[in-house]
file data-v8.json (JSON, C-alpha atoms)
[["chain", "number", "residue", "atom", "x", "y", "z"],
["A", 1, "MET", "CA", 116.16, 122.90, 123.67],
["A", 2, "GLU", "CA", 112.55, 123.64, 124.53],
["A", 3, "ILE", "CA", 109.85, 121.65, 122.73],
["A", 4, "VAL", "CA", 106.47, 123.37, 122.74],
["A", 5, "LYS", "CA", 103.41, 121.24, 122.02],
["A", 6, "VAL", "CA", 100.56, 122.67, 119.97],
["A", 7, "GLY", "CA", 97.27, 120.86, 120.51],
["A", 8, "MET", "CA", 94.34, 120.44, 118.15],
["A", 9, "ALA", "CA", 92.55, 123.76, 117.52],
["A", 10, "ASP", "CA", 95.55, 125.49, 119.11],
["A", 11, "LEU", "CA", 98.44, 127.73, 118.06],
["A", 12, "LYS", "CA", 101.71, 128.98, 119.52],
["A", 13, "ALA", "CA", 104.58, 131.28, 118.57],
["A", 14, "ILE", "CA", 108.17, 131.16, 119.86],
["A", 15, "LYS", "CA", 111.51, 132.85, 119.29],
["A", 16, "ALA", "CA", 114.56, 130.63, 118.66],
["A", 17, "PRO", "CA", 115.86, 128.39, 120.04],
["A", 18, "GLY", "CA", 113.00, 125.93, 120.35],
["A", 19, "ILE", "CA", 110.76, 123.54, 118.48],
["A", 20, "LEU", "CA", 107.02, 123.70, 117.94],
["A", 21, "THR", "CA", 105.33, 120.34, 117.44],
["A", 22, "THR", "CA", 101.83, 119.06, 116.78],
["A", 23, "LEU", "CA", 100.69, 115.45, 116.67],
["A", 24, "GLY", "CA", 98.13, 113.62, 114.62],
["A", 25, "LEU", "CA", 97.32, 115.91, 111.72],
["A", 26, "GLY", "CA", 94.65, 114.07, 109.74],
["A", 27, "SER", "CA", 92.18, 116.26, 107.87],
["A", 28, "CYS", "CA", 93.42, 119.11, 110.06],
["A", 29, "VAL", "CA", 96.06, 121.36, 108.59],
["A", 30, "GLY", "CA", 99.33, 122.37, 110.23],
["A", 31, "ILE", "CA", 100.27, 125.90, 109.27],
["A", 32, "ALA", "CA", 103.93, 126.63, 110.01],
["A", 33, "LEU", "CA", 104.95, 130.28, 109.70],
["A", 34, "TYR", "CA", 108.54, 131.48, 109.95],
["A", 35, "ASP", "CA", 110.47, 134.75, 109.95],
["A", 36, "LYS", "CA", 114.06, 133.71, 109.20],
["A", 37, "ILE", "CA", 115.51, 137.19, 109.81],
["A", 38, "ASN", "CA", 114.20, 137.41, 113.39],
["A", 39, "LYS", "CA", 114.00, 133.62, 113.98],
["A", 40, "VAL", "CA", 110.39, 133.63, 115.11],
["A", 41, "ALA", "CA", 108.28, 130.55, 114.43],
["A", 42, "GLY", "CA", 104.55, 130.00, 114.68],
["A", 43, "LEU", "CA", 102.47, 126.85, 114.35],
["A", 44, "ALA", "CA", 98.70, 126.41, 114.12],
["A", 45, "HIS", "CA", 96.75, 123.12, 114.13],
["A", 46, "ALA", "CA", 93.49, 124.18, 112.44],
["A", 47, "MET", "CA", 90.50, 121.84, 112.18],
["A", 48, "LEU", "CA", 88.07, 123.65, 109.88],
["A", 49, "PRO", "CA", 88.40, 126.04, 106.94],
["A", 50, "PHE", "CA", 86.36, 129.18, 107.66],
["A", 51, "SER", "CA", 85.07, 130.65, 110.93],
["A", 52, "SER", "CA", 82.15, 132.18, 109.03],
["A", 53, "GLU", "CA", 80.78, 128.67, 108.39],
["A", 54, "SER", "CA", 80.25, 127.98, 112.09],
["A", 55, "SER", "CA", 78.13, 129.58, 114.78],
["A", 56, "LYS", "CA", 80.54, 128.26, 117.44],
["A", 57, "ASN", "CA", 83.61, 130.18, 116.35],
["A", 58, "GLU", "CA", 84.97, 131.61, 119.62],
["A", 59, "ASN", "CA", 88.16, 129.52, 119.36],
["A", 60, "LYS", "CA", 90.13, 131.42, 116.71],
["A", 61, "ALA", "CA", 92.74, 128.63, 116.44],
["A", 62, "LYS", "CA", 90.10, 126.11, 115.32],
["A", 63, "PHE", "CA", 89.61, 127.74, 111.91],
["A", 64, "VAL", "CA", 92.21, 128.26, 109.18],
["A", 65, "ASP", "CA", 91.26, 131.88, 108.43],
["A", 66, "THR", "CA", 91.25, 133.21, 112.00],
["A", 67, "ALA", "CA", 94.15, 130.99, 113.11],
["A", 68, "ILE", "CA", 96.48, 132.49, 110.50],
["A", 69, "GLU", "CA", 95.54, 136.06, 111.47],
["A", 70, "LEU", "CA", 96.01, 135.37, 115.19],
["A", 71, "LEU", "CA", 99.27, 133.46, 114.64],
["A", 72, "VAL", "CA", 100.79, 136.34, 112.66],
["A", 73, "ARG", "CA", 99.79, 138.74, 115.47],
["A", 74, "LYS", "CA", 101.42, 136.49, 118.10],
["A", 75, "MET", "CA", 104.59, 136.22, 115.99],
["A", 76, "VAL", "CA", 104.80, 140.01, 115.59],
["A", 77, "GLU", "CA", 104.49, 140.33, 119.39],
["A", 78, "LYS", "CA", 107.59, 138.05, 119.62],
["A", 79, "GLY", "CA", 109.56, 140.22, 117.20],
["A", 80, "ALA", "CA", 108.64, 138.90, 113.74],
["A", 81, "VAL", "CA", 108.18, 141.30, 110.84],
["A", 82, "GLU", "CA", 105.14, 140.48, 108.74],
["A", 83, "ARG", "CA", 106.83, 140.95, 105.37],
["A", 84, "TYR", "CA", 109.53, 138.38, 106.28],
["A", 85, "ILE", "CA", 107.07, 135.62, 107.18],
["A", 86, "VAL", "CA", 106.86, 132.57, 104.91],
["A", 87, "ALA", "CA", 104.70, 129.48, 105.26],
["A", 88, "LYS", "CA", 104.98, 125.71, 105.12],
["A", 89, "VAL", "CA", 101.80, 123.64, 105.16],
["A", 90, "ALA", "CA", 101.23, 120.00, 106.13],
["A", 91, "GLY", "CA", 98.18, 117.81, 106.63],
["A", 92, "GLY", "CA", 94.79, 118.10, 105.00],
["A", 93, "SER", "CA", 94.45, 114.36, 104.47],
["A", 94, "GLN", "CA", 91.31, 112.61, 103.36],
["A", 95, "MET", "CA", 91.25, 110.10, 106.20],
["A", 96, "PHE", "CA", 88.03, 108.36, 105.17],
["A", 97, "SER", "CA", 86.64, 107.58, 101.75],
["A", 98, "PHE", "CA", 83.19, 108.85, 100.95],
["A", 99, "SER", "CA", 81.09, 107.59, 98.10],
["A", 100, "THR", "CA", 79.22, 110.88, 97.96],
["A", 101, "LYS", "CA", 80.26, 113.86, 95.86],
["A", 102, "ASN", "CA", 79.43, 116.14, 98.81],
["A", 103, "ASN", "CA", 82.43, 118.46, 99.30],
["A", 104, "VAL", "CA", 81.35, 119.34, 102.84],
["A", 105, "LEU", "CA", 82.81, 115.99, 103.93],
["A", 106, "LYS", "CA", 86.14, 116.68, 102.22],
["A", 107, "ILE", "CA", 87.46, 118.66, 105.16],
["A", 108, "GLY", "CA", 91.13, 118.02, 104.30],
["A", 109, "ASP", "CA", 90.81, 119.47, 100.78],
["A", 110, "ARG", "CA", 88.78, 122.40, 102.07],
["A", 111, "ASN", "CA", 91.35, 123.12, 104.78],
["A", 112, "ILE", "CA", 94.19, 123.15, 102.23],
["A", 113, "LYS", "CA", 92.26, 125.50, 99.91],
["A", 114, "ALA", "CA", 91.32, 127.81, 102.80],
["A", 115, "THR", "CA", 94.97, 127.93, 103.90],
["A", 116, "ARG", "CA", 96.18, 128.87, 100.41],
["A", 117, "ILE", "CA", 93.46, 131.54, 100.05],
["A", 118, "LYS", "CA", 94.13, 133.17, 103.45],
["A", 119, "LEU", "CA", 97.92, 133.13, 103.10],
["A", 120, "LYS", "CA", 97.66, 134.68, 99.62],
["A", 121, "GLU", "CA", 95.26, 137.34, 100.97],
["A", 122, "MET", "CA", 97.80, 138.22, 103.66],
["A", 123, "GLY", "CA", 100.75, 138.22, 101.22],
["A", 124, "ILE", "CA", 102.45, 135.23, 102.89],
["A", 125, "ARG", "CA", 104.23, 132.93, 100.44],
["A", 126, "ILE", "CA", 103.99, 129.15, 100.80],
["A", 127, "ILE", "CA", 107.53, 127.85, 100.27],
["A", 128, "SER", "CA", 106.77, 124.13, 100.72],
["A", 129, "GLU", "CA", 103.95, 121.78, 101.55],
["A", 130, "ASP", "CA", 103.21, 118.16, 102.32],
["A", 131, "VAL", "CA", 99.44, 117.88, 102.01],
["A", 132, "GLY", "CA", 96.67, 115.52, 100.99],
["A", 133, "GLY", "CA", 96.90, 111.75, 100.85],
["A", 134, "ASN", "CA", 95.06, 109.49, 103.27],
["A", 135, "TYR", "CA", 97.48, 109.28, 106.20],
["A", 136, "GLY", "CA", 98.22, 111.28, 109.33],
["A", 137, "ARG", "CA", 101.25, 113.41, 110.03],
["A", 138, "THR", "CA", 103.16, 114.70, 113.04],
["A", 139, "ILE", "CA", 105.21, 117.83, 112.44],
["A", 140, "GLN", "CA", 108.03, 119.72, 114.16],
["A", 141, "LEU", "CA", 108.99, 123.30, 113.27],
["A", 142, "ASP", "CA", 112.49, 124.36, 114.29],
["A", 143, "ALA", "CA", 112.59, 128.05, 115.28],
["A", 144, "GLN", "CA", 116.34, 128.19, 114.59],
["A", 145, "ASP", "CA", 116.22, 127.47, 110.83],
["A", 146, "GLY", "CA", 112.54, 127.13, 109.89],
["A", 147, "SER", "CA", 112.89, 123.49, 108.88],
["A", 148, "LEU", "CA", 109.69, 121.46, 109.15],
["A", 149, "LEU", "CA", 110.08, 117.78, 110.00],
["A", 150, "VAL", "CA", 107.12, 115.72, 108.77],
["A", 151, "LYS", "CA", 106.70, 112.23, 110.24],
["A", 152, "THR", "CA", 104.17, 109.77, 108.87],
["A", 153, "ILE", "CA", 103.23, 106.18, 109.49],
["A", 154, "GLY", "CA", 104.01, 104.16, 106.39],
["A", 155, "HIS", "CA", 105.17, 107.14, 104.34],
["A", 156, "GLY", "CA", 108.48, 107.93, 105.99],
["A", 157, "THR", "CA", 109.94, 111.07, 107.47],
["A", 158, "LYS", "CA", 111.13, 114.12, 105.59],
["A", 159, "ILE", "CA", 112.15, 117.71, 106.09],
["A", 160, "ILE", "CA", 110.37, 120.33, 104.01]]

call {"tool": "encode", "arguments": {"input": "data-v8.json", "output": "structure tokens"}}
result
Amino acid sequence: MEIVKVGMADLKAIKAPGILTTLGLGSCVGIALYDKINKVAGLAHAMLPFSSESSKNENKAKFVDTAIELLVRKMVEKGAVERYIVAKVAGGSQMFSFSTKNNVLKIGDRNIKATRIKLKEMGIRIISEDVGGNYGRTIQLDAQDGSLLVKTIGHGTKII
């Protein structure tokens, strides 16, 4: 079975069989989209919440809002139907503790909120998530059944 790696600020879509994987999700968020009828999977590893907050926003996969839009487009090109797509979300950790109340530094929280806002806007339901905390995650999305394997250091492995 083919294993397709998704890098940081990157996204990919595949049709089953195959696995999409991304390593080292810290404050970044892994957005796993799946159409179970057509067995099309998509995975984005987004670093920042909104493209509008950055002047350097050419890389659509870097930002939650534009990554989700682009990922859905790529999935539809592979045969997915938008209304069948559901989401699973992982990551968004707070990897460092800040004594300040400045939310700009809370990238993980902001990425999770941006993901929820954008998915809701697009009518995509989140069916499970493994977010927050202060530890990294590696995830694998199986295009055959939509299962998302979440591996952590010190917090075990689970399927969501």

call {"tool": "closest_atom_pairs", "arguments": {"input": "data-v8.json", "of": "segment 52-103 of chain A", "to": "segment 139-159 of chain A", "cutoff": "10 Å", "atoms": "all atoms listed in the file", "output": "tab-separated table"}}
result
residue	atom	partner	partner_atom	distance
A:Val86	CA	A:Gly146	CA	9.3
A:Ala87	CA	A:Gly146	CA	9.4
A:Lys88	CA	A:Leu148	CA	7.5
A:Val89	CA	A:Leu148	CA	9.1
A:Ala90	CA	A:Val150	CA	7.7
A:Gly91	CA	A:Ile139	CA	9.1

call {"tool": "atom_distance", "arguments": {"input": "data-v8.json", "atom1": "atom CA of Val29 of chain A", "atom2": "atom CA of Ser55 of chain A"}}
result
20.7 Å

call {"tool": "residues_around", "arguments": {"input": "data-v8.json", "residues": "Lys118 of chain A", "least_positions_apart": "3", "cutoff": "9 Å", "atoms": "only C-alpha atoms", "output": "PyMOL selection string"}}
result
chain A and resi 64-65+68-69+113-115+121-124

call {"tool": "write_last_selection", "arguments": {"input": "data-v8.json", "atoms": "C-alpha atoms", "output": "short mmCIF file (atom, residue, chain, number, x, y, z; two decimals), in the frame of the given file"}}
result
data_model
loop_
_atom_site.label_atom_id
_atom_site.label_comp_id
_atom_site.auth_asym_id
_atom_site.auth_seq_id
_atom_site.Cartn_x
_atom_site.Cartn_y
_atom_site.Cartn_z
CA VAL A 64 92.21 128.26 109.18
CA ASP A 65 91.26 131.88 108.43
CA ILE A 68 96.48 132.49 110.50
CA GLU A 69 95.54 136.06 111.47
CA LYS A 113 92.26 125.50 99.91
CA ALA A 114 91.32 127.81 102.80
CA THR A 115 94.97 127.93 103.90
CA GLU A 121 95.26 137.34 100.97
CA MET A 122 97.80 138.22 103.66
CA GLY A 123 100.75 138.22 101.22
CA ILE A 124 102.45 135.23 102.89
#

call {"tool": "closest_residue", "arguments": {"input": "data-v8.json", "among": "A:Glu82, A:Glu53, A:Glu2, A:Glu58", "to": "Lys15 of chain A", "atoms": "all atoms listed in the file"}}
result
A:Glu2

call {"tool": "residues_around", "arguments": {"input": "data-v8.json", "residues": "Val72 of chain A", "least_positions_apart": "2", "cutoff": "12 Å", "atoms": "all atoms listed in the file", "output": "ChimeraX atom specification"}}
result
/A:11-14,31-35,40-44,61,65-70,74-87,118-119,122-124

call {"tool": "atom_distance", "arguments": {"input": "data-v8.json", "atom1": "atom CA of Thr22 of chain A", "atom2": "atom CA of Ile127 of chain A"}}
result
19.6 Å

call {"tool": "atom_distance", "arguments": {"input": "data-v8.json", "atom1": "atom CA of Lys120 of chain A", "atom2": "atom CA of Lys106 of chain A"}}
result
21.5 Å

call {"tool": "residues_near_point", "arguments": {"input": "data-v8.json", "point": "(114.3, 117.4, 120.6)", "cutoff": "9 Å", "atoms": "only C-alpha atoms", "output": "list in words"}}
result
Met1, Glu2, Ile3, Gly18 and Ile19 of chain A

call {"tool": "residues_near_point", "arguments": {"input": "data-v8.json", "point": "(91.7, 114.6, 103.2)", "cutoff": "10 Å", "atoms": "all atoms listed in the file", "output": "list in words"}}
result
Gly26, Ser27, Cys28, Val29, Gly91, Gly92, Ser93, Gln94, Met95, Phe96, Ser97, Leu105, Lys106, Ile107, Gly108, Asp109, Arg110, Asn111, Ile112, Val131, Gly132, Gly133, Asn134, Tyr135 and Gly136 of chain A

call {"tool": "write_last_selection", "arguments": {"input": "data-v8.json", "atoms": "C-alpha atoms", "output": "PDB file, in the coordinates of the input"}}
result
ATOM      1  CA  GLY A  26      94.650 114.070 109.740  1.00  0.00           C
ATOM      2  CA  SER A  27      92.180 116.260 107.870  1.00  0.00           C
ATOM      3  CA  CYS A  28      93.420 119.110 110.060  1.00  0.00           C
ATOM      4  CA  VAL A  29      96.060 121.360 108.590  1.00  0.00           C
ATOM      5  CA  GLY A  91      98.180 117.810 106.630  1.00  0.00           C
ATOM      6  CA  GLY A  92      94.790 118.100 105.000  1.00  0.00           C
ATOM      7  CA  SER A  93      94.450 114.360 104.470  1.00  0.00           C
ATOM      8  CA  GLN A  94      91.310 112.610 103.360  1.00  0.00           C
ATOM      9  CA  MET A  95      91.250 110.100 106.200  1.00  0.00           C
ATOM     10  CA  PHE A  96      88.030 108.360 105.170  1.00  0.00           C
ATOM     11  CA  SER A  97      86.640 107.580 101.750  1.00  0.00           C
ATOM     12  CA  LEU A 105      82.810 115.990 103.930  1.00  0.00           C
ATOM     13  CA  LYS A 106      86.140 116.680 102.220  1.00  0.00           C
ATOM     14  CA  ILE A 107      87.460 118.660 105.160  1.00  0.00           C
ATOM     15  CA  GLY A 108      91.130 118.020 104.300  1.00  0.00           C
ATOM     16  CA  ASP A 109      90.810 119.470 100.780  1.00  0.00           C
ATOM     17  CA  ARG A 110      88.780 122.400 102.070  1.00  0.00           C
ATOM     18  CA  ASN A 111      91.350 123.120 104.780  1.00  0.00           C
ATOM     19  CA  ILE A 112      94.190 123.150 102.230  1.00  0.00           C
ATOM     20  CA  VAL A 131      99.440 117.880 102.010  1.00  0.00           C
ATOM     21  CA  GLY A 132      96.670 115.520 100.990  1.00  0.00           C
ATOM     22  CA  GLY A 133      96.900 111.750 100.850  1.00  0.00           C
ATOM     23  CA  ASN A 134      95.060 109.490 103.270  1.00  0.00           C
ATOM     24  CA  TYR A 135      97.480 109.280 106.200  1.00  0.00           C
ATOM     25  CA  GLY A 136      98.220 111.280 109.330  1.00  0.00           C
TER      26      GLY A 136
END

call {"tool": "closest_residue", "arguments": {"input": "data-v8.json", "among": "A:Ile126, A:Ala46, A:Leu25, A:Ile117", "to": "Leu71 of chain A", "atoms": "all atoms listed in the file"}}
result
A:Ala46
